[in-house]
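One file, upload.pdb, is given below (PDB, C-alpha atoms and all ligand atoms).
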ATOM      1  CA  MET D1231       0.000   0.000   0.000
ATOM      2  CA  THR D1232       1.337   3.470  -0.878
ATOM      3  CA  THR D1233       1.183   6.401   1.562
ATOM      4  CA  GLU D1234      -1.372   8.038  -0.778
ATOM      5  CA  GLN D1235      -3.602   4.952  -0.475
ATOM      6  CA  LEU D1236      -3.127   5.006   3.299
ATOM      7  CA  GLU D1237      -4.167   8.669   3.421
ATOM      8  CA  PHE D1238      -7.219   7.810   1.281
ATOM      9  CA  GLN D1239      -8.240   5.075   3.755
ATOM     10  CA  ILE D1240      -7.777   7.475   6.688
ATOM     11  CA  ARG D1241     -10.031  10.088   5.087
ATOM     12  CA  LYS D1242     -12.617   7.445   4.118
ATOM     13  CA  LYS D1243     -12.788   5.855   7.575
ATOM     14  CA  LYS D1244     -12.177   9.116   9.451
ATOM     15  CA  SER D1245      -9.659   7.251  11.511
ATOM     16  CA  PHE D1246      -5.896   7.039  11.836
ATOM     17  CA  LEU D1247      -6.087   4.332  14.462
ATOM     18  CA  CYS D1248      -3.679   1.401  14.467
ATOM     19  CA  ILE D1249      -4.647  -1.503  16.709
ATOM     20  CA  GLY D1250      -1.784  -3.405  18.294
ATOM     21  CA  LEU D1251      -2.200  -7.178  18.305
ATOM     22  CA  ASP D1252       0.052  -7.966  21.281
ATOM     23  CA  VAL D1253      -1.474 -11.266  22.333
ATOM     24  CA  ASP D1254      -0.609 -12.655  25.747
ATOM     25  CA  LEU D1255      -2.256 -16.039  26.463
ATOM     26  CA  ASN D1256      -2.584 -15.066  30.144
ATOM     27  CA  LYS D1257      -4.776 -12.098  29.216
ATOM     28  CA  ILE D1258      -7.205 -13.512  26.665
ATOM     29  CA  PRO D1259     -10.626 -15.003  27.549
ATOM     30  CA  LYS D1260     -10.276 -18.509  29.008
ATOM     31  CA  HIS D1261     -12.739 -20.119  26.584
ATOM     32  CA  LEU D1262     -10.374 -19.372  23.679
ATOM     33  CA  LEU D1263      -7.640 -21.537  25.197
ATOM     34  CA  LYS D1264      -9.603 -24.633  24.112
ATOM     35  CA  GLU D1265      -9.304 -23.602  20.449
ATOM     36  CA  GLU D1266      -6.650 -25.129  18.171
ATOM     37  CA  ASP D1267      -4.925 -21.747  17.708
ATOM     38  CA  PRO D1268      -6.064 -19.424  20.535
ATOM     39  CA  ILE D1269      -3.894 -16.513  19.375
ATOM     40  CA  PHE D1270      -5.326 -16.550  15.861
ATOM     41  CA  SER D1271      -8.906 -17.034  17.155
ATOM     42  CA  PHE D1272      -8.433 -14.007  19.412
ATOM     43  CA  ASN D1273      -6.959 -11.881  16.606
ATOM     44  CA  LYS D1274      -9.656 -12.914  14.127
ATOM     45  CA  ALA D1275     -12.425 -11.907  16.552
ATOM     46  CA  ILE D1276     -10.741  -8.568  17.340
ATOM     47  CA  ILE D1277     -10.106  -7.816  13.647
ATOM     48  CA  ASP D1278     -13.667  -8.702  12.561
ATOM     49  CA  ALA D1279     -15.101  -6.456  15.297
ATOM     50  CA  THR D1280     -12.799  -3.443  14.761
ATOM     51  CA  HIS D1281     -11.636  -3.307  11.106
ATOM     52  CA  HIS D1282     -14.118  -0.519  10.190
ATOM     53  CA  LEU D1283     -12.745   1.710  12.988
ATOM     54  CA  CYS D1284      -9.036   1.533  12.193
ATOM     55  CA  VAL D1285      -6.709   1.714   9.197
ATOM     56  CA  ALA D1286      -3.870  -0.450  10.487
ATOM     57  CA  TYR D1287      -2.980  -3.412  12.689
ATOM     58  CA  LYS D1288       0.389  -3.853  14.341
ATOM     59  CA  PRO D1289       1.298  -7.256  15.735
ATOM     60  CA  ASN D1290       4.413  -6.922  17.871
ATOM     61  CA  THR D1291       6.417  -9.995  16.845
ATOM     62  CA  ALA D1292       7.731 -10.548  20.391
ATOM     63  CA  PHE D1293       4.269 -11.737  21.439
ATOM     64  CA  TYR D1294       4.406 -14.434  18.726
ATOM     65  CA  GLU D1295       8.096 -15.353  18.929
ATOM     66  CA  ALA D1296       7.579 -16.037  22.658
ATOM     67  CA  TYR D1297       5.427 -19.053  21.701
ATOM     68  CA  GLY D1298       7.990 -20.549  19.297
ATOM     69  CA  ILE D1299       6.897 -22.166  16.032
ATOM     70  CA  LYS D1300       3.245 -22.135  17.123
ATOM     71  CA  GLY D1301       3.413 -18.390  17.698
ATOM     72  CA  TRP D1302       5.059 -17.774  14.320
ATOM     73  CA  LYS D1303       2.256 -19.819  12.671
ATOM     74  CA  SER D1304      -0.328 -17.656  14.466
ATOM     75  CA  LEU D1305       1.426 -14.542  13.129
ATOM     76  CA  GLU D1306       1.411 -15.987   9.602
ATOM     77  CA  LYS D1307      -2.291 -16.859   9.832
ATOM     78  CA  THR D1308      -3.063 -13.359  11.146
ATOM     79  CA  ILE D1309      -1.268 -11.517   8.329
ATOM     80  CA  ASN D1310      -2.749 -13.868   5.712
ATOM     81  CA  TYR D1311      -6.232 -13.299   7.136
ATOM     82  CA  LEU D1312      -5.755  -9.522   7.021
ATOM     83  CA  ASN D1313      -4.365  -9.544   3.481
ATOM     84  CA  ASP D1314      -7.091 -11.872   2.158
ATOM     85  CA  LYS D1315     -10.158 -10.471   3.919
ATOM     86  CA  TYR D1316      -9.221  -6.816   4.514
ATOM     87  CA  PRO D1317      -6.738  -5.805   1.759
ATOM     88  CA  ASP D1318      -7.315  -2.080   2.459
ATOM     89  CA  ILE D1319      -5.782  -2.401   5.917
ATOM     90  CA  PHE D1320      -2.161  -1.276   6.447
ATOM     91  CA  THR D1321      -0.141  -3.942   8.244
ATOM     92  CA  ILE D1322       2.903  -3.354  10.432
ATOM     93  CA  ALA D1323       5.269  -5.988  11.796
ATOM     94  CA  ASP D1324       6.645  -4.392  14.945
ATOM     95  CA  ALA D1325       9.907  -6.337  14.939
ATOM     96  CA  LYS D1326      12.519  -3.592  15.505
ATOM     97  CA  ARG D1327      15.111  -5.219  13.243
ATOM     98  CA  GLY D1328      18.304  -3.903  11.606
ATOM     99  CA  ASP D1329      21.748  -5.485  11.081
ATOM    100  CA  ILE D1330      24.609  -5.445   8.582
ATOM    101  CA  GLY D1331      23.359  -5.159   4.997
ATOM    102  CA  ASN D1332      23.041  -8.778   3.887
ATOM    103  CA  THR D1333      21.317  -9.718   7.150
ATOM    104  CA  SER D1334      18.921  -6.777   6.897
ATOM    105  CA  THR D1335      18.012  -7.974   3.392
ATOM    106  CA  MET D1336      16.962 -11.317   4.910
ATOM    107  CA  TYR D1337      14.883  -9.573   7.597
ATOM    108  CA  ALA D1338      13.228  -7.486   4.889
ATOM    109  CA  LYS D1339      12.439 -10.594   2.816
ATOM    110  CA  ALA D1340      10.971 -12.308   5.877
ATOM    111  CA  PHE D1341       8.524  -9.487   6.638
ATOM    112  CA  PHE D1342       7.847  -8.029   3.164
ATOM    113  CA  GLU D1343       7.921 -11.151   0.970
ATOM    114  CA  ASP D1344       7.270 -14.238   3.092
ATOM    115  CA  LEU D1345       4.796 -12.613   5.498
ATOM    116  CA  ALA D1346       3.716  -9.801   3.107
ATOM    117  CA  PHE D1347       3.447  -7.005   5.684
ATOM    118  CA  ASP D1348       3.239  -3.421   4.390
ATOM    119  CA  ALA D1349       5.734  -2.145   6.960
ATOM    120  CA  VAL D1350       8.314  -3.222   9.491
ATOM    121  CA  THR D1351       9.843  -1.316  12.401
ATOM    122  CA  VAL D1352      13.631  -0.918  12.326
ATOM    123  CA  ALA D1353      16.217   0.388  14.809
ATOM    124  CA  PRO D1354      18.529   3.081  13.335
ATOM    125  CA  TYR D1355      21.544   2.401  15.567
ATOM    126  CA  MET D1356      23.580   0.517  12.916
ATOM    127  CA  GLY D1357      23.100   3.295  10.353
ATOM    128  CA  LYS D1358      22.434   3.739   6.664
ATOM    129  CA  ASP D1359      23.623   0.371   5.318
ATOM    130  CA  SER D1360      21.501  -1.448   7.896
ATOM    131  CA  VAL D1361      18.305   0.392   6.884
ATOM    132  CA  GLU D1362      18.659   0.792   3.092
ATOM    133  CA  PRO D1363      18.013  -2.928   2.355
ATOM    134  CA  PHE D1364      14.508  -2.431   3.827
ATOM    135  CA  LEU D1365      13.996   0.789   1.843
ATOM    136  CA  ALA D1366      14.791  -0.998  -1.421
ATOM    137  CA  PHE D1367      11.395  -2.741  -1.370
ATOM    138  CA  LYS D1368       8.915  -0.841  -3.573
ATOM    139  CA  ASP D1369       5.640   0.238  -1.917
ATOM    140  CA  LYS D1370       6.825  -1.173   1.422
ATOM    141  CA  HIS D1371       7.571   1.008   4.430
ATOM    142  CA  THR D1372      10.367   1.093   6.942
ATOM    143  CA  ILE D1373       9.313   2.611  10.237
ATOM    144  CA  MET D1374      12.450   3.768  12.004
ATOM    145  CA  LEU D1375      12.603   4.366  15.747
ATOM    146  CA  ALA D1376      13.140   8.109  16.277
ATOM    147  CA  LEU D1377      11.894   9.127  19.726
ATOM    148  CA  THR D1378      10.419   6.179  21.567
ATOM    149  CA  SER D1379       7.652   6.218  24.182
ATOM    150  CA  ASN D1380       9.631   4.706  27.062
ATOM    151  CA  GLU D1381      11.648   6.446  29.808
ATOM    152  CA  GLY D1382      14.864   5.049  28.336
ATOM    153  CA  ALA D1383      14.377   7.343  25.330
ATOM    154  CA  PHE D1384      16.134   9.992  27.451
ATOM    155  CA  ASP D1385      19.252   7.786  27.883
ATOM    156  CA  PHE D1386      20.447   8.318  24.295
ATOM    157  CA  GLN D1387      17.801   9.710  21.936
ATOM    158  CA  THR D1388      17.530  13.191  23.440
ATOM    159  CA  LYS D1389      21.274  13.524  24.174
ATOM    160  CA  LYS D1390      23.182  15.999  22.011
ATOM    161  CA  VAL D1391      25.655  14.715  19.412
ATOM    162  CA  GLU D1392      27.633  17.448  17.625
ATOM    163  CA  GLY D1393      25.246  20.022  19.119
ATOM    164  CA  LYS D1394      22.028  18.324  18.050
ATOM    165  CA  GLU D1395      19.791  15.772  19.771
ATOM    166  CA  LEU D1396      20.387  12.244  18.518
ATOM    167  CA  TYR D1397      16.755  11.730  17.457
ATOM    168  CA  LYS D1398      17.023  14.893  15.324
ATOM    169  CA  GLN D1399      20.222  13.554  13.749
ATOM    170  CA  VAL D1400      18.360  10.345  12.932
ATOM    171  CA  LEU D1401      15.526  12.289  11.267
ATOM    172  CA  ASN D1402      17.794  14.689   9.348
ATOM    173  CA  THR D1403      20.360  12.134   8.208
ATOM    174  CA  SER D1404      17.828   9.533   7.097
ATOM    175  CA  LYS D1405      16.139  12.053   4.794
ATOM    176  CA  SER D1406      19.136  11.826   2.439
ATOM    177  CA  TRP D1407      19.124   8.014   2.150
ATOM    178  CA  GLU D1408      18.169   6.256  -1.056
ATOM    179  CA  ASN D1409      14.409   5.544  -1.252
ATOM    180  CA  SER D1410      13.835   7.671   1.855
ATOM    181  CA  LYS D1411      10.276   8.199   0.588
ATOM    182  CA  ASN D1412       9.654   4.720   2.036
ATOM    183  CA  LEU D1413      10.543   5.915   5.541
ATOM    184  CA  MET D1414       8.142   6.478   8.413
ATOM    185  CA  TYR D1415       9.165   7.098  12.016
ATOM    186  CA  VAL D1416       8.171   5.955  15.504
ATOM    187  CA  VAL D1417       7.518   8.816  17.917
ATOM    188  CA  GLY D1418       5.950   8.044  21.289
ATOM    189  CA  ALA D1419       2.668   9.663  22.333
ATOM    190  CA  THR D1420       4.304  10.235  25.731
ATOM    191  CA  LYS D1421       6.629  12.739  24.010
ATOM    192  CA  ALA D1422       3.863  15.032  22.673
ATOM    193  CA  GLU D1423       5.870  18.185  23.487
ATOM    194  CA  TYR D1424       8.461  17.158  20.857
ATOM    195  CA  PHE D1425       6.054  16.854  17.928
ATOM    196  CA  ALA D1426       6.226  20.501  16.812
ATOM    197  CA  GLU D1427      10.049  20.298  16.532
ATOM    198  CA  ILE D1428       9.823  16.953  14.750
ATOM    199  CA  ARG D1429       7.365  18.346  12.202
ATOM    200  CA  LYS D1430       9.875  21.107  11.354
ATOM    201  CA  ILE D1431      12.308  18.401  10.183
ATOM    202  CA  ILE D1432       9.852  15.954   8.588
ATOM    203  CA  PRO D1433       6.697  17.966   7.776
ATOM    204  CA  THR D1434       4.744  15.210   6.026
ATOM    205  CA  SER D1435       6.350  11.861   6.917
ATOM    206  CA  PHE D1436       4.012   9.374   8.522
ATOM    207  CA  LEU D1437       4.610   8.882  12.242
ATOM    208  CA  LEU D1438       3.661   5.682  14.040
ATOM    209  CA  VAL D1439       2.711   6.849  17.514
ATOM    210  CA  PRO D1440       2.516   4.236  20.288
ATOM    211  CA  GLY D1441       1.872   5.117  23.909
ATOM    212  CA  VAL D1442      -1.749   6.243  24.164
ATOM    213  CA  GLY D1443      -3.876   4.255  26.574
ATOM    214  CA  ALA D1444      -1.806   1.965  28.790
ATOM    215  CA  GLN D1445       1.323   4.190  28.696
ATOM    216  CA  GLY D1446      -0.604   7.401  29.414
ATOM    217  CA  GLY D1447       0.111   9.380  26.222
ATOM    218  CA  ASN D1448      -2.352  12.121  25.296
ATOM    219  CA  LEU D1449      -4.104  11.822  21.926
ATOM    220  CA  GLN D1450      -5.232  15.466  21.868
ATOM    221  CA  ASP D1451      -1.693  16.825  22.238
ATOM    222  CA  VAL D1452      -0.288  14.449  19.637
ATOM    223  CA  CYS D1453      -2.948  15.496  17.110
ATOM    224  CA  LYS D1454      -2.501  19.197  17.881
ATOM    225  CA  TYR D1455       1.214  19.172  17.037
ATOM    226  CA  GLY D1456       1.595  16.022  14.919
ATOM    227  CA  LEU D1457      -1.110  16.199  12.242
ATOM    228  CA  SER D1458       0.222  17.252   8.838
ATOM    229  CA  GLU D1459      -1.410  18.224   5.531
ATOM    230  CA  ASN D1460      -1.511  14.537   4.510
ATOM    231  CA  ILE D1461      -2.531  13.604   8.086
ATOM    232  CA  GLY D1462       0.745  11.758   8.645
ATOM    233  CA  LEU D1463      -0.220   9.987  11.856
ATOM    234  CA  LEU D1464      -0.940   6.398  12.814
ATOM    235  CA  ILE D1465      -1.852   6.283  16.478
ATOM    236  CA  ASN D1466      -1.385   2.862  18.028
ATOM    237  CA  SER D1467      -3.161   1.391  21.006
ATOM    238  CA  SER D1468      -2.664  -2.258  21.941
ATOM    239  CA  ARG D1469      -3.587  -3.245  25.546
ATOM    240  CA  GLY D1470      -6.043  -0.347  25.874
ATOM    241  CA  ILE D1471      -8.190  -1.886  23.135
ATOM    242  CA  ILE D1472      -7.639  -5.630  22.884
ATOM    243  CA  TYR D1473      -7.890  -6.342  26.635
ATOM    244  CA  ALA D1474     -11.020  -4.262  27.238
ATOM    245  CA  SER D1475     -12.720  -7.364  28.645
ATOM    246  CA  LYS D1476     -11.988 -11.032  29.380
ATOM    247  CA  ASN D1477     -15.557 -12.295  28.952
ATOM    248  CA  GLU D1478     -17.208 -13.758  25.826
ATOM    249  CA  HIS D1479     -18.038 -10.229  24.591
ATOM    250  CA  PHE D1480     -14.357  -9.251  24.503
ATOM    251  CA  ALA D1481     -14.369  -8.330  20.802
ATOM    252  CA  ASN D1482     -17.380  -6.017  21.145
ATOM    253  CA  GLU D1483     -15.806  -4.406  24.195
ATOM    254  CA  ALA D1484     -12.598  -3.877  22.216
ATOM    255  CA  ALA D1485     -14.668  -2.273  19.436
ATOM    256  CA  LYS D1486     -16.174   0.156  21.975
ATOM    257  CA  LYS D1487     -12.674   1.263  23.030
ATOM    258  CA  ALA D1488     -11.617   1.590  19.391
ATOM    259  CA  LEU D1489     -14.748   3.639  18.654
ATOM    260  CA  GLN D1490     -13.893   6.094  21.447
ATOM    261  CA  LEU D1491     -10.482   6.750  19.875
ATOM    262  CA  GLN D1492     -11.904   6.868  16.325
ATOM    263  CA  GLN D1493     -14.465   9.499  17.372
ATOM    264  CA  GLN D1494     -11.752  11.692  18.876
ATOM    265  CA  MET D1495      -9.755  11.347  15.648
ATOM    266  CA  GLU D1496     -12.784  12.211  13.533
ATOM    267  CA  ASN D1497     -13.148  15.455  15.510
ATOM    268  CA  PHE D1498      -9.596  16.408  14.611
ATOM    269  CA  LEU D1499     -10.076  15.549  10.942
ATOM    270  CA  ILE D1500     -13.142  17.779  10.520
ATOM    271  CA  GLN D1501     -11.567  20.799  12.286
TER     272      GLN D1501
HETATM  273  O1  LIG D1601       8.449   3.621  21.337
HETATM  274  C1  LIG D1601       7.776   2.593  21.260
HETATM  275  C2  LIG D1601       7.910   1.687  20.234
HETATM  276  C3  LIG D1601       7.090   0.605  20.196
HETATM  277  N1  LIG D1601       6.148   0.388  21.139
HETATM  278  C4  LIG D1601       5.261  -0.792  21.005
HETATM  279  O2  LIG D1601       3.918  -0.330  20.765
HETATM  280  C5  LIG D1601       3.005  -1.128  21.498
HETATM  281  C6  LIG D1601       2.340  -0.299  22.570
HETATM  282  O3  LIG D1601       1.421  -1.083  23.311
HETATM  283  P1  LIG D1601       0.400  -0.492  24.410
HETATM  284  O4  LIG D1601      -0.201  -1.732  24.997
HETATM  285  O5  LIG D1601      -0.611   0.346  23.677
HETATM  286  O6  LIG D1601       1.191   0.280  25.392
HETATM  287  C7  LIG D1601       3.806  -2.297  22.036
HETATM  288  O7  LIG D1601       3.836  -3.311  21.058
HETATM  289  C8  LIG D1601       5.200  -1.702  22.211
HETATM  290  O8  LIG D1601       6.214  -2.670  22.176
HETATM  291  C9  LIG D1601       6.006   1.278  22.164
HETATM  292  O9  LIG D1601       5.160   1.132  23.055
HETATM  293  N2  LIG D1601       6.834   2.370  22.199
END
Step by step, read the file and then write its structure as structure tokens.
Amino acid sequence: MTTEQLEFQIRKKKSFLCIGLDVDLNKIPKHLLKEEDPIFSFNKAIIDATHHLCVAYKPNTAFYEAYGIKGWKSLEKTINYLNDKYPDIFTIADAKRGDIGNTSTMYAKAFFEDLAFDAVTVAPYMGKDSVEPFLAFKDKHTIMLALTSNEGAFDFQTKKVEGKELYKQVLNTSKSWENSKNLMYVVGATKAEYFAEIRKIIPTSFLLVPGVGAQGGNLQDVCKYGLSENIGLLINSSRGIIYASKNEHFANEAAKKALQLQQQMENFLIQ
């Protein structure tokens, strides 16, 4: 999916919500544990109940890798289900990869070709040659960590290097890389006060924004400073939506939480 198609979907659905599929078997309704693939059954129910309220889903691969081969199969079934039944949905593998060039190429093949995700998250620490193999894939997106939502973001990302904060160096430098049009960036909702500065460097790049809901980030502030002329935001909520309830109505309860966020987004889009 191109960024233009993503923007079209956002305007059509009046939503820039991304739902995080971070499935923990200890947190899902007990009755699902009897199913052959509880993770996929959970995801399928959540997706069917919420797809009209969001434009993207983001499984964090850690929650699948933790269950070994079974978990990887559940991830594969989830992305195949999304691509077959809801092809207008933008899909993000939150895998935070990045390595020397030939290894990065293999990571990119795994997520873009084998699993056919639209986007993958990548850490910038190893630099240009570790990210460009991802960028080489046409109409696929590399979402690079810029300013993350956690406390540890202040350990390195906001520290000055040659007079400029490291996250700003990441944004500025990456703009000159080959196929940089395929870049998006992760900026945490807990760092809302940084969005105005970030928009000065990357006025229209899409930002994946985790941290609303469970981590306490404020949607209003993010929208106020982060929205761009092409919208440019994907706001993620995982636990705040998918674990709304543990009873048999869990998917409907998740949809209610998603609707609350979608309605707030709609208000910003019509302003
Ligand atoms: O800076 C970052 C980068 C990634 N994440 C991931 O997003 C979700 C957030 O989940 P919630 O349950 O809505 O808090 C999760 O997969 C994180 O690993 C992030 O939170 N911050």
Original post:
Evaluating the PyMOL selection byres (((chain D and resi 1491-1499) around 12) and not hetatm) on the displayed file yields which residues, as a PyMOL selection string?
Top reply: chain D and resi 1237+1240-1249+1280-1285+1442-1443+1448-1467+1470-1471+1484-1490+1500-1501
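Interatomic distance, atom CA of D:Tyr1473 against atom CA of D:Ala1340: 28.7 Å.
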Subject >> Computed interatomic separation between atom CA of D:Lys1405 and atom CA of D:Phe1238 (Å) >> reply: 24.0 Å
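Interatomic distance, atom CA of D:Asp1348 against atom CA of D:Thr1403: 23.4 Å.
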Subject >> Reference answer for the PyMOL selection byres (((not hetatm)) within 8 of (chain D and resi 1601)), as a list in words >> reply: Gly1250, Leu1251, Asp1252, Lys1288, Pro1289, Asn1290, Asp1324, Leu1375, Leu1377, Thr1378, Ser1379, Asn1380, Val1416, Val1417, Gly1418, Val1439, Pro1440, Gly1441, Val1442, Gly1443, Ala1444, Gln1445, Asn1466, Ser1467, Ser1468, Arg1469, Gly1470 and Ile1471 of chain D
Could you turn the residues from that selection into a file that holds C-alpha atoms, as a JSON list (two decimals), in the coordinates of the input?
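Printed below is result_35.json as written:
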[["chain", "number", "residue", "atom", "x", "y", "z"],
["D", 1250, "GLY", "CA", -1.78, -3.40, 18.29],
["D", 1251, "LEU", "CA", -2.20, -7.18, 18.30],
["D", 1252, "ASP", "CA", 0.05, -7.97, 21.28],
["D", 1288, "LYS", "CA", 0.39, -3.85, 14.34],
["D", 1289, "PRO", "CA", 1.30, -7.26, 15.74],
["D", 1290, "ASN", "CA", 4.41, -6.92, 17.87],
["D", 1324, "ASP", "CA", 6.64, -4.39, 14.94],
["D", 1375, "LEU", "CA", 12.60, 4.37, 15.75],
["D", 1377, "LEU", "CA", 11.89, 9.13, 19.73],
["D", 1378, "THR", "CA", 10.42, 6.18, 21.57],
["D", 1379, "SER", "CA", 7.65, 6.22, 24.18],
["D", 1380, "ASN", "CA", 9.63, 4.71, 27.06],
["D", 1416, "VAL", "CA", 8.17, 5.96, 15.50],
["D", 1417, "VAL", "CA", 7.52, 8.82, 17.92],
["D", 1418, "GLY", "CA", 5.95, 8.04, 21.29],
["D", 1439, "VAL", "CA", 2.71, 6.85, 17.51],
["D", 1440, "PRO", "CA", 2.52, 4.24, 20.29],
["D", 1441, "GLY", "CA", 1.87, 5.12, 23.91],
["D", 1442, "VAL", "CA", -1.75, 6.24, 24.16],
["D", 1443, "GLY", "CA", -3.88, 4.26, 26.57],
["D", 1444, "ALA", "CA", -1.81, 1.96, 28.79],
["D", 1445, "GLN", "CA", 1.32, 4.19, 28.70],
["D", 1466, "ASN", "CA", -1.38, 2.86, 18.03],
["D", 1467, "SER", "CA", -3.16, 1.39, 21.01],
["D", 1468, "SER", "CA", -2.66, -2.26, 21.94],
["D", 1469, "ARG", "CA", -3.59, -3.24, 25.55],
["D", 1470, "GLY", "CA", -6.04, -0.35, 25.87],
["D", 1471, "ILE", "CA", -8.19, -1.89, 23.14]]
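The smallest atom-to-atom distance between D:Ala1292 and any of D:Ala1376, D:Ala1325, D:Val1400, D:Ile1428, using only C-alpha atoms, is found for D:Ala1325.
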